[in-house]
file start.txt (compact mmCIF, C-alpha atoms)
# COMPACT_ATOMS: atom_id res chain seq x y z
CA MET A 1 2.92 24.52 -20.21
CA ALA A 2 2.97 28.23 -19.31
CA TYR A 3 3.04 28.57 -15.53
CA GLN A 4 0.63 31.40 -14.60
CA LEU A 5 1.36 31.66 -10.90
CA GLY A 6 -0.61 34.88 -10.49
CA ASP A 7 -3.91 33.10 -11.22
CA THR A 8 -6.23 31.58 -8.67
CA ILE A 9 -6.85 27.93 -9.54
CA ALA A 10 -9.65 25.58 -8.48
CA ALA A 11 -10.35 21.87 -8.82
CA ILE A 12 -12.19 19.01 -7.18
CA ALA A 13 -9.60 17.42 -4.89
CA SER A 14 -11.57 14.42 -3.60
CA ALA A 15 -11.80 11.04 -5.30
CA PRO A 16 -14.35 10.54 -8.12
CA GLY A 17 -17.76 9.18 -7.19
CA GLY A 18 -20.16 9.66 -4.33
CA ALA A 19 -18.97 9.83 -0.71
CA ALA A 20 -19.81 11.40 2.62
CA ARG A 21 -17.78 14.48 1.68
CA ALA A 22 -16.46 16.19 -1.44
CA ILE A 23 -13.61 18.71 -1.45
CA VAL A 24 -13.07 21.60 -3.84
CA ARG A 25 -9.67 23.27 -3.48
CA LEU A 26 -8.60 26.79 -4.46
CA SER A 27 -5.10 28.28 -4.42
CA GLY A 28 -3.89 31.71 -5.46
CA PRO A 29 -4.00 35.40 -4.53
CA ALA A 30 -7.79 35.68 -4.86
CA ALA A 31 -8.72 32.36 -3.22
CA THR A 32 -10.26 33.99 -0.13
CA SER A 33 -12.05 36.81 -1.97
CA VAL A 34 -13.52 34.42 -4.55
CA CYS A 35 -15.03 32.29 -1.77
CA ALA A 36 -16.21 35.37 0.16
CA SER A 37 -18.17 36.51 -2.91
CA LEU A 38 -20.20 33.28 -2.93
CA PHE A 39 -20.34 31.78 0.55
CA SER A 40 -22.01 33.15 3.66
CA GLY A 41 -19.96 33.65 6.81
CA SER A 42 -17.39 36.06 8.20
CA PHE A 43 -14.15 36.18 6.26
CA GLU A 44 -12.76 39.28 7.99
CA GLN A 45 -10.83 37.26 10.60
CA CYS A 46 -9.07 35.25 7.89
CA GLU A 47 -6.69 38.02 6.89
CA SER A 48 -3.77 36.88 9.06
CA SER A 49 -4.37 33.36 10.39
CA ALA A 50 -5.98 30.08 9.37
CA ARG A 51 -9.69 29.69 10.12
CA VAL A 52 -12.54 27.24 9.70
CA ILE A 53 -15.79 28.86 8.59
CA ALA A 54 -19.18 27.19 8.79
CA SER A 55 -21.01 28.38 5.72
CA SER A 56 -23.59 27.62 3.05
CA LEU A 57 -24.16 28.32 -0.63
CA ARG A 58 -27.21 28.39 -2.87
CA VAL A 59 -26.02 26.16 -5.70
CA ASP A 60 -27.17 26.97 -9.23
CA GLY A 61 -29.96 24.66 -10.37
CA LEU A 62 -30.70 23.14 -6.94
CA GLY A 63 -32.89 25.84 -5.45
CA ALA A 64 -31.67 25.10 -1.93
CA GLU A 65 -28.83 26.05 0.40
CA VAL A 66 -25.97 23.54 0.54
CA PRO A 67 -24.00 23.43 3.83
CA ALA A 68 -20.24 23.81 3.61
CA MET A 69 -17.17 24.02 5.81
CA LEU A 70 -14.40 26.29 4.52
CA TYR A 71 -10.82 25.67 5.69
CA VAL A 72 -8.96 28.90 4.95
CA TRP A 73 -5.18 29.46 4.89
CA PRO A 74 -4.81 33.16 3.94
CA ASN A 75 -1.02 33.43 3.70
CA SER A 76 2.23 31.63 2.87
CA ARG A 77 1.77 29.05 5.64
CA SER A 78 -0.44 26.97 3.34
CA ALA A 79 0.62 23.86 1.44
CA THR A 80 1.25 25.94 -1.70
CA ARG A 81 2.74 28.97 0.13
CA GLU A 82 -0.08 31.17 -1.16
CA PRO A 83 -3.68 31.75 -0.02
CA LEU A 84 -5.53 28.43 -0.10
CA VAL A 85 -9.11 27.39 0.65
CA GLU A 86 -10.62 23.93 0.88
CA VAL A 87 -14.42 23.82 0.50
CA HIS A 88 -15.88 20.70 2.15
CA LEU A 89 -19.33 19.82 0.82
CA PRO A 90 -21.82 16.93 0.89
CA GLY A 91 -20.25 14.21 -1.28
CA SER A 92 -22.51 14.48 -4.32
CA PRO A 93 -20.52 14.70 -7.59
CA PRO A 94 -23.09 17.02 -9.27
CA VAL A 95 -22.98 19.39 -6.27
CA ALA A 96 -19.16 19.48 -6.27
CA GLN A 97 -19.09 20.09 -10.02
CA ALA A 98 -21.67 22.89 -9.75
CA VAL A 99 -19.71 24.60 -6.95
CA LEU A 100 -16.51 24.35 -8.98
CA GLN A 101 -18.21 26.03 -11.95
CA MET A 102 -19.51 28.82 -9.71
CA LEU A 103 -16.03 29.42 -8.27
CA CYS A 104 -14.56 29.63 -11.76
CA ARG A 105 -17.19 32.15 -12.83
CA ALA A 106 -16.37 34.20 -9.70
CA GLY A 107 -12.70 34.60 -10.67
CA ALA A 108 -10.84 31.30 -10.38
CA ARG A 109 -9.77 29.15 -13.31
CA PRO A 110 -9.69 25.33 -13.61
CA ALA A 111 -6.40 23.90 -12.38
CA ALA A 112 -4.13 22.02 -14.75
CA PRO A 113 -3.00 18.46 -13.88
CA GLY A 114 -0.61 18.54 -10.93
CA GLU A 115 -0.77 22.32 -10.59
CA PHE A 116 -1.34 22.33 -6.81
CA THR A 117 1.74 20.14 -6.29
CA LEU A 118 3.65 22.26 -8.81
CA ARG A 119 2.90 25.40 -6.79
CA ALA A 120 4.01 23.64 -3.61
CA PHE A 121 7.30 22.82 -5.35
CA LEU A 122 7.82 26.29 -6.85
CA GLY A 123 6.99 27.82 -3.47
CA GLY A 124 9.70 25.75 -1.79
CA ARG A 125 7.30 23.68 0.30
CA ILE A 126 8.58 20.42 -1.22
CA ASP A 127 11.47 19.51 -3.49
CA LEU A 128 11.29 17.70 -6.82
CA THR A 129 11.82 14.25 -5.33
CA GLN A 130 8.87 14.80 -2.98
CA ALA A 131 6.71 16.06 -5.84
CA GLU A 132 7.47 12.86 -7.72
CA ALA A 133 6.60 10.93 -4.56
CA VAL A 134 3.09 12.43 -4.61
CA LEU A 135 2.64 10.90 -8.06
CA GLY A 136 4.18 7.68 -6.75
CA VAL A 137 1.53 7.48 -4.03
CA ILE A 138 -1.23 8.03 -6.58
CA GLU A 139 0.13 5.41 -8.99
CA ALA A 140 1.21 2.79 -6.41
CA GLU A 141 0.01 -0.67 -7.42
CA ASP A 142 1.04 -2.59 -4.31
CA ASP A 143 2.18 -2.13 -0.72
CA ALA A 144 5.85 -2.07 -1.73
CA GLN A 145 5.41 0.82 -4.17
CA LEU A 146 3.25 2.72 -1.69
CA ALA A 147 5.83 2.29 1.08
CA ALA A 148 8.60 3.55 -1.24
CA ALA A 149 6.57 6.59 -2.28
CA LEU A 150 5.58 7.48 1.30
CA ALA A 151 9.18 7.16 2.49
CA GLN A 152 10.31 9.47 -0.32
CA LEU A 153 7.47 11.92 0.38
CA ALA A 154 8.60 12.08 4.02
CA GLY A 155 12.05 13.20 2.89
CA GLY A 156 13.82 9.87 2.63
CA LEU A 157 15.71 11.06 -0.45
CA ALA A 158 15.39 14.83 -0.09
CA ALA A 159 17.02 14.96 3.35
CA PRO A 160 20.32 13.20 2.49
CA LEU A 161 20.60 15.06 -0.83
CA SER A 162 20.03 18.37 0.96
CA GLU A 163 22.72 17.53 3.53
CA ILE A 164 25.20 16.60 0.79
CA ARG A 165 24.41 19.80 -1.10
CA MET A 166 24.95 21.96 1.99
CA GLY A 167 28.23 20.19 2.72
CA LEU A 168 29.47 20.84 -0.81
CA LEU A 169 28.38 24.50 -0.65
CA GLU A 170 30.32 25.00 2.58
CA LEU A 171 33.35 23.29 1.10
CA LEU A 172 33.15 25.44 -2.04
CA ALA A 173 32.82 28.61 0.07
CA GLU A 174 36.02 27.76 1.97
CA LEU A 175 37.90 27.02 -1.25
CA GLU A 176 36.76 30.27 -2.89
CA ALA A 177 37.72 32.22 0.23
CA ALA A 178 41.20 30.74 -0.04
CA LEU A 179 41.33 31.80 -3.71
CA ASP A 180 40.31 35.36 -2.79
CA PHE A 181 43.17 35.54 -0.31
CA ALA A 182 45.72 33.54 -2.30
CA ASP A 183 48.46 36.12 -1.56
CA GLU A 184 47.91 35.89 2.18
CA ALA A 185 49.49 33.25 4.41
CA ILE A 186 46.09 31.97 5.51
CA GLU A 187 45.02 28.32 5.24
CA PHE A 188 41.24 28.22 5.17
CA ILE A 189 41.04 24.43 4.87
CA PRO A 190 43.91 21.94 5.35
CA ARG A 191 44.50 19.77 2.28
CA GLN A 192 43.89 16.46 4.13
CA GLN A 193 40.63 17.78 5.54
CA LEU A 194 39.60 18.78 2.01
CA ILE A 195 40.36 15.26 0.75
CA ASP A 196 38.42 13.68 3.63
CA ARG A 197 35.35 15.85 3.12
CA LEU A 198 35.31 15.21 -0.61
CA ALA A 199 35.55 11.47 0.07
CA GLN A 200 32.71 11.64 2.60
CA CYS A 201 30.38 13.43 0.16
CA GLY A 202 31.31 10.97 -2.59
CA SER A 203 30.62 7.99 -0.33
CA ARG A 204 27.17 9.30 0.59
CA LEU A 205 26.30 9.82 -3.06
CA ALA A 206 27.55 6.32 -3.88
CA ALA A 207 25.31 4.88 -1.12
CA LEU A 208 22.30 6.68 -2.62
CA ARG A 209 23.25 5.34 -6.06
CA GLU A 210 23.21 1.78 -4.70
CA GLN A 211 19.81 2.32 -3.10
CA LEU A 212 18.37 3.75 -6.30
CA ALA A 213 19.85 0.93 -8.36
CA GLY A 214 18.12 -1.56 -6.04
CA ARG A 215 14.81 0.09 -6.92
CA PHE A 216 14.90 -1.74 -10.26
CA ASP A 217 15.79 -5.17 -8.89
CA ALA A 218 13.15 -7.83 -9.47
CA VAL A 219 13.80 -9.24 -6.01
CA ASP A 220 13.97 -6.17 -3.79
CA TRP A 221 12.33 -7.41 -0.61
CA PRO A 222 13.12 -10.31 1.74
CA ARG A 223 11.30 -13.51 0.82
CA ALA A 224 8.95 -15.61 2.89
CA VAL A 225 8.03 -18.90 1.20
CA LEU A 226 5.05 -21.15 1.91
CA THR A 227 6.02 -24.83 1.68
CA GLY A 228 4.39 -28.14 2.57
CA MET A 229 2.47 -31.05 1.16
CA PRO A 230 -0.18 -30.52 -1.52
CA ASN A 231 -3.63 -29.50 -0.34
CA VAL A 232 -2.63 -28.38 3.17
CA GLY A 233 -4.11 -24.91 2.66
CA LYS A 234 -1.03 -22.98 1.50
CA SER A 235 -2.87 -21.05 -1.22
CA ARG A 236 -5.73 -20.09 1.10
CA LEU A 237 -3.21 -18.88 3.66
CA PHE A 238 -1.35 -17.01 0.91
CA ASN A 239 -4.56 -15.22 -0.15
CA ALA A 240 -5.43 -14.40 3.47
CA LEU A 241 -2.00 -12.90 4.17
CA ALA A 242 -1.96 -11.03 0.86
CA GLY A 243 -5.46 -9.67 1.43
CA ARG A 244 -6.67 -10.69 -2.04
CA ASP A 245 -7.45 -13.76 -4.13
CA ALA A 246 -4.09 -14.06 -5.87
CA ALA A 247 -3.81 -17.85 -5.82
CA ILE A 248 -6.29 -20.38 -7.24
CA VAL A 249 -7.87 -22.39 -4.46
CA ALA A 250 -9.44 -25.82 -4.94
CA ASP A 251 -9.99 -28.98 -2.94
CA GLN A 252 -8.12 -31.01 -5.54
CA ALA A 253 -4.45 -31.53 -4.71
CA GLY A 254 -1.84 -29.99 -7.01
CA THR A 255 -3.79 -26.91 -8.11
CA THR A 256 -0.70 -24.72 -7.74
CA ARG A 257 1.68 -25.65 -10.58
CA ASP A 258 3.92 -22.57 -10.41
CA TYR A 259 4.86 -20.11 -7.72
CA LEU A 260 2.96 -16.87 -7.07
CA THR A 261 4.21 -13.74 -5.34
CA ALA A 262 2.64 -10.85 -3.44
CA GLN A 263 3.98 -8.01 -1.32
CA VAL A 264 2.74 -8.21 2.27
CA VAL A 265 3.27 -5.76 5.13
CA CYS A 266 4.67 -7.53 8.19
CA GLY A 267 5.37 -5.11 11.02
CA ASP A 268 7.60 -2.38 9.58
CA ASN A 269 8.75 -4.59 6.70
CA ILE A 270 7.56 -5.28 3.18
CA VAL A 271 7.88 -9.01 2.52
CA GLU A 272 7.69 -10.83 -0.80
CA LEU A 273 5.41 -13.73 0.05
CA ILE A 274 5.70 -16.74 -2.27
CA ASP A 275 3.18 -19.56 -2.68
CA THR A 276 4.77 -22.70 -4.09
CA ALA A 277 3.53 -26.05 -5.39
CA GLY A 278 3.14 -28.80 -2.82
CA LEU A 279 6.19 -30.99 -2.21
CA GLU A 280 5.43 -34.58 -3.18
CA THR A 281 7.34 -37.54 -4.56
CA THR A 282 5.48 -38.26 -7.81
CA GLU A 283 7.47 -38.28 -11.06
CA GLU A 284 4.92 -36.56 -13.26
CA THR A 285 6.70 -34.08 -15.49
CA VAL A 286 4.63 -31.00 -14.56
CA ALA A 287 4.53 -31.84 -10.86
CA ALA A 288 8.25 -32.53 -10.73
CA THR A 289 9.01 -29.22 -12.46
CA ALA A 290 6.76 -27.33 -10.07
CA GLN A 291 8.45 -28.97 -7.09
CA ARG A 292 11.87 -27.99 -8.38
CA HIS A 293 10.67 -24.38 -8.54
CA ALA A 294 9.34 -24.69 -4.99
CA GLU A 295 12.64 -26.04 -3.70
CA ALA A 296 14.56 -23.27 -5.48
CA GLN A 297 12.36 -20.59 -3.93
CA ALA A 298 12.78 -22.11 -0.48
CA LEU A 299 16.56 -21.99 -0.81
CA GLN A 300 16.42 -18.22 -1.53
CA ALA A 301 13.97 -17.43 1.28
CA ARG A 302 14.77 -15.60 4.49
CA VAL A 303 11.73 -17.20 6.14
CA VAL A 304 10.17 -20.60 5.37
CA LEU A 305 6.55 -21.09 6.43
CA PHE A 306 6.19 -24.86 6.74
CA CYS A 307 2.44 -25.49 6.47
CA LEU A 308 0.65 -28.40 8.17
CA ASP A 309 -3.03 -29.28 8.03
CA ALA A 310 -4.52 -29.03 11.54
CA SER A 311 -7.49 -31.21 10.51
CA ARG A 312 -5.40 -34.38 9.99
CA PRO A 313 -2.47 -36.18 11.66
CA LEU A 314 1.08 -35.59 10.46
CA ILE A 315 2.40 -37.94 7.82
CA PRO A 316 5.91 -39.48 8.07
CA TRP A 317 7.42 -37.04 5.56
CA GLU A 318 6.21 -34.06 7.60
CA GLN A 319 7.56 -35.59 10.81
CA GLU A 320 10.90 -36.15 9.09
CA GLN A 321 11.03 -32.49 7.95
CA LEU A 322 10.26 -31.26 11.46
CA SER A 323 13.12 -33.35 12.84
CA ARG A 324 15.60 -31.45 10.66
CA PRO A 325 16.58 -28.10 12.23
CA ASP A 326 16.12 -25.00 10.06
CA PRO A 327 16.59 -21.57 11.67
CA ARG A 328 14.49 -19.96 8.92
CA ARG A 329 11.44 -22.14 9.54
CA LEU A 330 8.17 -21.12 11.14
CA VAL A 331 5.75 -24.02 11.58
CA VAL A 332 2.20 -23.02 10.64
CA PHE A 333 -0.96 -25.06 11.18
CA THR A 334 -3.71 -24.17 8.71
CA ARG A 335 -7.47 -24.82 8.82
CA CYS A 336 -7.79 -24.43 12.58
CA ASP A 337 -11.48 -23.58 11.99
CA LEU A 338 -12.02 -27.31 11.24
CA PRO A 339 -12.13 -30.00 13.96
CA ARG A 340 -8.58 -30.45 15.27
CA ARG A 341 -7.13 -33.92 14.50
CA GLY A 342 -3.49 -33.04 13.93
CA ASP A 343 -0.52 -33.60 16.20
CA ARG A 344 0.74 -30.83 18.47
CA VAL A 345 4.00 -29.10 17.54
CA PRO A 346 5.56 -26.80 20.15
CA GLY A 347 5.90 -23.22 18.98
CA ALA A 348 3.70 -23.69 15.91
CA TYR A 349 1.40 -20.89 14.76
CA VAL A 350 -2.25 -21.86 14.44
CA THR A 351 -4.13 -20.05 11.69
CA SER A 352 -7.37 -20.00 9.75
CA ALA A 353 -7.75 -18.35 6.35
CA VAL A 354 -11.53 -18.48 6.89
CA THR A 355 -11.80 -16.70 10.27
CA GLY A 356 -8.51 -14.81 10.18
CA GLU A 357 -7.37 -16.36 13.43
CA GLY A 358 -3.61 -16.27 13.97
CA LEU A 359 -2.78 -14.19 10.87
CA ALA A 360 -1.67 -11.11 12.81
CA ALA A 361 0.52 -13.19 15.09
CA LEU A 362 2.08 -14.93 12.08
CA LYS A 363 2.88 -11.61 10.38
CA GLN A 364 4.48 -10.38 13.58
CA ALA A 365 6.56 -13.55 13.80
CA ILE A 366 7.74 -13.04 10.21
CA ALA A 367 8.70 -9.44 11.03
CA GLU A 368 10.64 -10.51 14.13
CA ARG A 369 12.44 -13.23 12.20
CA LEU A 370 13.48 -10.75 9.50
CA GLY A 371 14.47 -7.88 11.78
CA ALA A 372 14.70 -4.36 10.35
CA VAL A 373 14.73 -4.19 6.56
CA GLN A 374 15.41 -0.95 4.73
CA PRO A 375 12.65 0.14 2.35
CA ARG A 376 13.24 1.06 -1.25
CA ALA A 377 14.89 4.43 -1.57
CA ALA A 378 12.74 6.02 -4.27
CA VAL A 379 9.92 5.67 -6.72
CA ALA A 380 10.97 4.44 -10.15
CA THR A 381 10.54 7.80 -11.91
CA THR A 382 12.90 9.48 -9.45
CA ALA A 383 15.43 6.69 -9.74
CA ALA A 384 15.43 6.97 -13.53
CA ARG A 385 15.71 10.76 -13.51
CA CYS A 386 18.47 10.92 -10.89
CA ARG A 387 20.65 8.04 -12.07
CA SER A 388 22.78 10.00 -14.57
CA SER A 389 23.05 12.99 -12.21
CA LEU A 390 24.33 10.75 -9.43
CA GLU A 391 26.92 9.21 -11.72
CA ALA A 392 28.10 12.64 -12.90
CA ALA A 393 28.27 14.05 -9.35
CA ILE A 394 30.26 11.06 -8.06
CA ALA A 395 32.67 11.28 -11.01
CA ALA A 396 33.19 15.02 -10.40
CA LEU A 397 33.98 14.46 -6.72
CA ASP A 398 36.37 11.64 -7.61
CA ARG A 399 38.22 14.02 -9.92
CA ALA A 400 38.25 16.71 -7.25
CA ARG A 401 39.67 14.29 -4.70
CA ASP A 402 42.37 13.11 -7.11
CA LEU A 403 43.33 16.74 -7.75
CA ALA A 404 43.47 17.46 -4.02
CA ALA A 405 45.57 14.36 -3.33
CA GLY A 406 47.98 15.35 -6.09
CA GLU A 407 48.36 18.92 -4.84
CA GLY A 408 46.22 20.14 -7.71
CA ASN A 409 45.18 23.74 -8.30
CA GLU A 410 42.35 24.97 -5.98
CA GLU A 411 40.56 26.56 -8.94
CA LEU A 412 40.30 23.18 -10.70
CA ILE A 413 39.09 21.51 -7.49
CA ALA A 414 36.46 24.22 -7.05
CA ALA A 415 35.33 23.76 -10.66
CA GLU A 416 34.74 20.02 -10.10
CA ILE A 417 32.79 20.75 -6.90
CA ARG A 418 30.58 23.16 -8.87
CA VAL A 419 29.86 20.36 -11.37
CA ALA A 420 28.84 18.04 -8.53
CA LEU A 421 26.70 20.78 -6.96
CA ALA A 422 24.88 21.40 -10.24
CA GLU A 423 24.04 17.69 -10.55
CA VAL A 424 22.78 17.45 -6.96
CA ALA A 425 20.76 20.65 -7.44
CA SER A 426 19.09 19.18 -10.51
CA MET A 427 18.06 16.10 -8.52
CA VAL A 428 16.27 18.07 -5.79
CA GLY A 429 14.96 20.67 -8.26
CA ALA A 430 17.03 23.63 -7.04
CA VAL A 431 17.71 24.15 -10.76
CA TYR A 432 15.21 22.97 -13.35
CA THR A 433 13.81 23.63 -16.80
CA ASP A 434 10.20 23.93 -17.93
CA ASP A 435 10.72 20.73 -19.94
CA ILE A 436 11.54 18.75 -16.79
CA LEU A 437 8.51 20.16 -14.96
CA ASP A 438 6.26 19.38 -17.93
CA ARG A 439 7.42 15.76 -18.02
CA ILE A 440 6.74 15.29 -14.30
CA PHE A 441 3.58 17.28 -13.61
CA SER A 442 1.72 16.49 -16.86
CA ARG A 443 1.28 12.94 -15.55
CA PHE A 444 -0.68 14.10 -12.46
CA CYS A 445 -4.42 14.03 -12.22
CA ILE A 446 -6.39 17.27 -11.90
CA GLY A 447 -6.86 18.35 -8.29
CA LYS A 448 -3.43 17.20 -7.07

call {"tool": "encode", "arguments": {"input": "start.txt", "output": "structure tokens"}}
result
Amino acid sequence: MAYQLGDTIAAIASAPGGAARAIVRLSGPAATSVCASLFSGSFEQCESSARVIASSLRVDGLGAEVPAMLYVWPNSRSATREPLVEVHLPGSPPVAQAVLQMLCRAGARPAAPGEFTLRAFLGGRIDLTQAEAVLGVIEAEDDAQLAAALAQLAGGLAAPLSEIRMGLLELLAELEAALDFADEAIEFIPRQQLIDRLAQCGSRLAALREQLAGRFDAVDWPRAVLTGMPNVGKSRLFNALAGRDAAIVADQAGTTRDYLTAQVVCGDNIVELIDTAGLETTEETVAATAQRHAEAQALQARVVLFCLDASRPLIPWEQEQLSRPDPRRLVVFTRCDLPRRGDRVPGAYVTSAVTGEGLAALKQAIAERLGAVQPRAAVATTAARCRSSLEAAIAALDRARDLAAGEGNEELIAAEIRVALAEVASMVGAVYTDDILDRIFSRFCIGK
């Protein structure tokens, strides 16, 4: 891709399909003048500060004026650090497409996939990890992936990498100053302080490496497992908490023969919720296998949701389970929308998958039982791209620290720090190649 940053680009930035509002976005040196040539309204006051202009446009082929609101950022304070205009229109796809064509005839050109985000990156508004996070938000398939992408977009990876980079730059500056004045009796940085600072930077990079490695783990979130007798409403409760029909629900006992998983937001945590087969004492081969899976999942869980049917009395097995203390257990009555015939259990949570009663309180209880859980550090594309750079940077700092501990030459130590700096710079995008940008931004949709 040839990056023509002097052009003014335009694209539909709202989601496909009809809606209350459609948005057409322009960015580039002529963004304001292109809009001023088509839309009514005063653009003179937009030369130095952001403005909102109530306007209208006679759209080709409609024969009528279409109302519009223009949000104008005329200078480098915009999201792309260049003049930017968002045209808000009635949410008709044909109207938005017609306005886009008119803007392109007036001097803009159609934007390439990801070109708005690319300009934000090249303008220094975001770094490469945050640009990848934009794509992560777009491609997120569940709450866990969305939470990871949003955390990365907010600087969850950019901030620590930037701090490490600045620390290494300061350290390198002190070493190079000492080299410039090697004949003078001046100690710019004591050797032990040099060793300590190298170790600190290496430790922070190693912590990031562990977080990124965890991004690929199959079990990355704390587990909450639904257990109980067959046909007590576990699968209905699972679907209600997950917000979708993930588990098969039937009145016949034993419908669930394997365990199902879903990511559920509980407070500030992402929880891997697991629906298991009912625990019974039959010796059927399939049922026995399913129960073994259920028991194995329960052993790995941080929280066990022990489900009881509120519409019937407790059976002896359930009473026996309740008599055994388990600090992970939350007792949950299901089907509270039916006539209540079950026994009372102090501290139990009463829920209904039909009416939604008690679900919010149960999620809050799960969150409190888990405490604070750290989210994933990065989207998968960032983790894959940065893995080798992290390894190389850590290895370079290890070599630099060994040289410093062994009274090694300052020039060799500085050379290793430069290697580490180059690797960190490549992660945040302070240095890049067109090939890297092509691989990242070609996957974006147009308008982002």

call {"tool": "residues_near_point", "arguments": {"input": "start.txt", "point": "(5.5, -36.0, 6.6)", "cutoff": "12 Å", "atoms": "all atoms listed in the file", "output": "PyMOL selection string"}}
result
chain A and resi 228-230+232+279-281+306-309+312-324+342-343

call {"tool": "residues_around", "arguments": {"input": "start.txt", "residues": "Ala395 (chain A)", "least_positions_apart": "4", "cutoff": "10 Å", "atoms": "all atoms listed in the file", "output": "VMD selection string"}}
result
chain A and resid 202 389 to 391 399 to 401 416 419 to 420

call {"tool": "closest_residue", "arguments": {"input": "start.txt", "among": "A:Ala415, A:Met427, A:Ala111, A:Ala159", "to": "Gln4 (chain A)", "atoms": "only C-alpha atoms"}}
result
A:Ala111

call {"tool": "residues_near_point", "arguments": {"input": "start.txt", "point": "(-25.4, 28.4, -12.0)", "cutoff": "9 Å", "atoms": "all atoms listed in the file", "output": "list in words"}}
result
Val59, Asp60, Gly61, Ala98, Val99, Gln101 and Met102 of chain A

call {"tool": "write_last_selection", "arguments": {"input": "start.txt", "atoms": "C-alpha atoms", "output": "PDB file, keeping the file's coordinate frame"}}
result
ATOM      1  CA  VAL A  59     -26.020  26.160  -5.700  1.00  0.00           C
ATOM      2  CA  ASP A  60     -27.170  26.970  -9.230  1.00  0.00           C
ATOM      3  CA  GLY A  61     -29.960  24.660 -10.370  1.00  0.00           C
ATOM      4  CA  ALA A  98     -21.670  22.890  -9.750  1.00  0.00           C
ATOM      5  CA  VAL A  99     -19.710  24.600  -6.950  1.00  0.00           C
ATOM      6  CA  GLN A 101     -18.210  26.030 -11.950  1.00  0.00           C
ATOM      7  CA  MET A 102     -19.510  28.820  -9.710  1.00  0.00           C
TER       8      MET A 102
END

call {"tool": "atom_distance", "arguments": {"input": "start.txt", "atom1": "CA of Gly406 (chain A)", "atom2": "CA of Gln192 (chain A)"}}
result
11.1 Å

call {"tool": "atom_distance", "arguments": {"input": "start.txt", "atom1": "CA of Phe444 (chain A)", "atom2": "CA of Ser33 (chain A)"}}
result
27.5 Å

call {"tool": "atom_distance", "arguments": {"input": "start.txt", "atom1": "CA of Arg21 (chain A)", "atom2": "CA of Ser92 (chain A)"}}
result
7.6 Å

call {"tool": "residues_around", "arguments": {"input": "start.txt", "residues": "Asn409 (chain A)", "least_positions_apart": "4", "cutoff": "12 Å", "atoms": "all atoms listed in the file", "output": "PyMOL selection string"}}
result
chain A and resi 175-176+178-179+182+191+400-405+413-416

call {"tool": "closest_residue", "arguments": {"input": "start.txt", "among": "A:Ala140, A:Leu412, A:Ala396, A:Leu172", "to": "Thr381 (chain A)", "atoms": "only C-alpha atoms"}}
result
A:Ala140

call {"tool": "closest_residue", "arguments": {"input": "start.txt", "among": "A:Ile138, A:Leu260, A:Leu161, A:Ala10", "to": "Pro110 (chain A)", "atoms": "only C-alpha atoms"}}
result
A:Ala10

call {"tool": "closest_residue", "arguments": {"input": "start.txt", "among": "A:Arg58, A:Arg197, A:Ser203, A:Val379", "to": "Val137 (chain A)", "atoms": "all atoms listed in the file"}}
result
A:Val379

call {"tool": "closest_residue", "arguments": {"input": "start.txt", "among": "A:Gly28, A:Gly41, A:Pro94, A:Gly114", "to": "Ser78 (chain A)", "atoms": "only C-alpha atoms"}}
result
A:Gly28
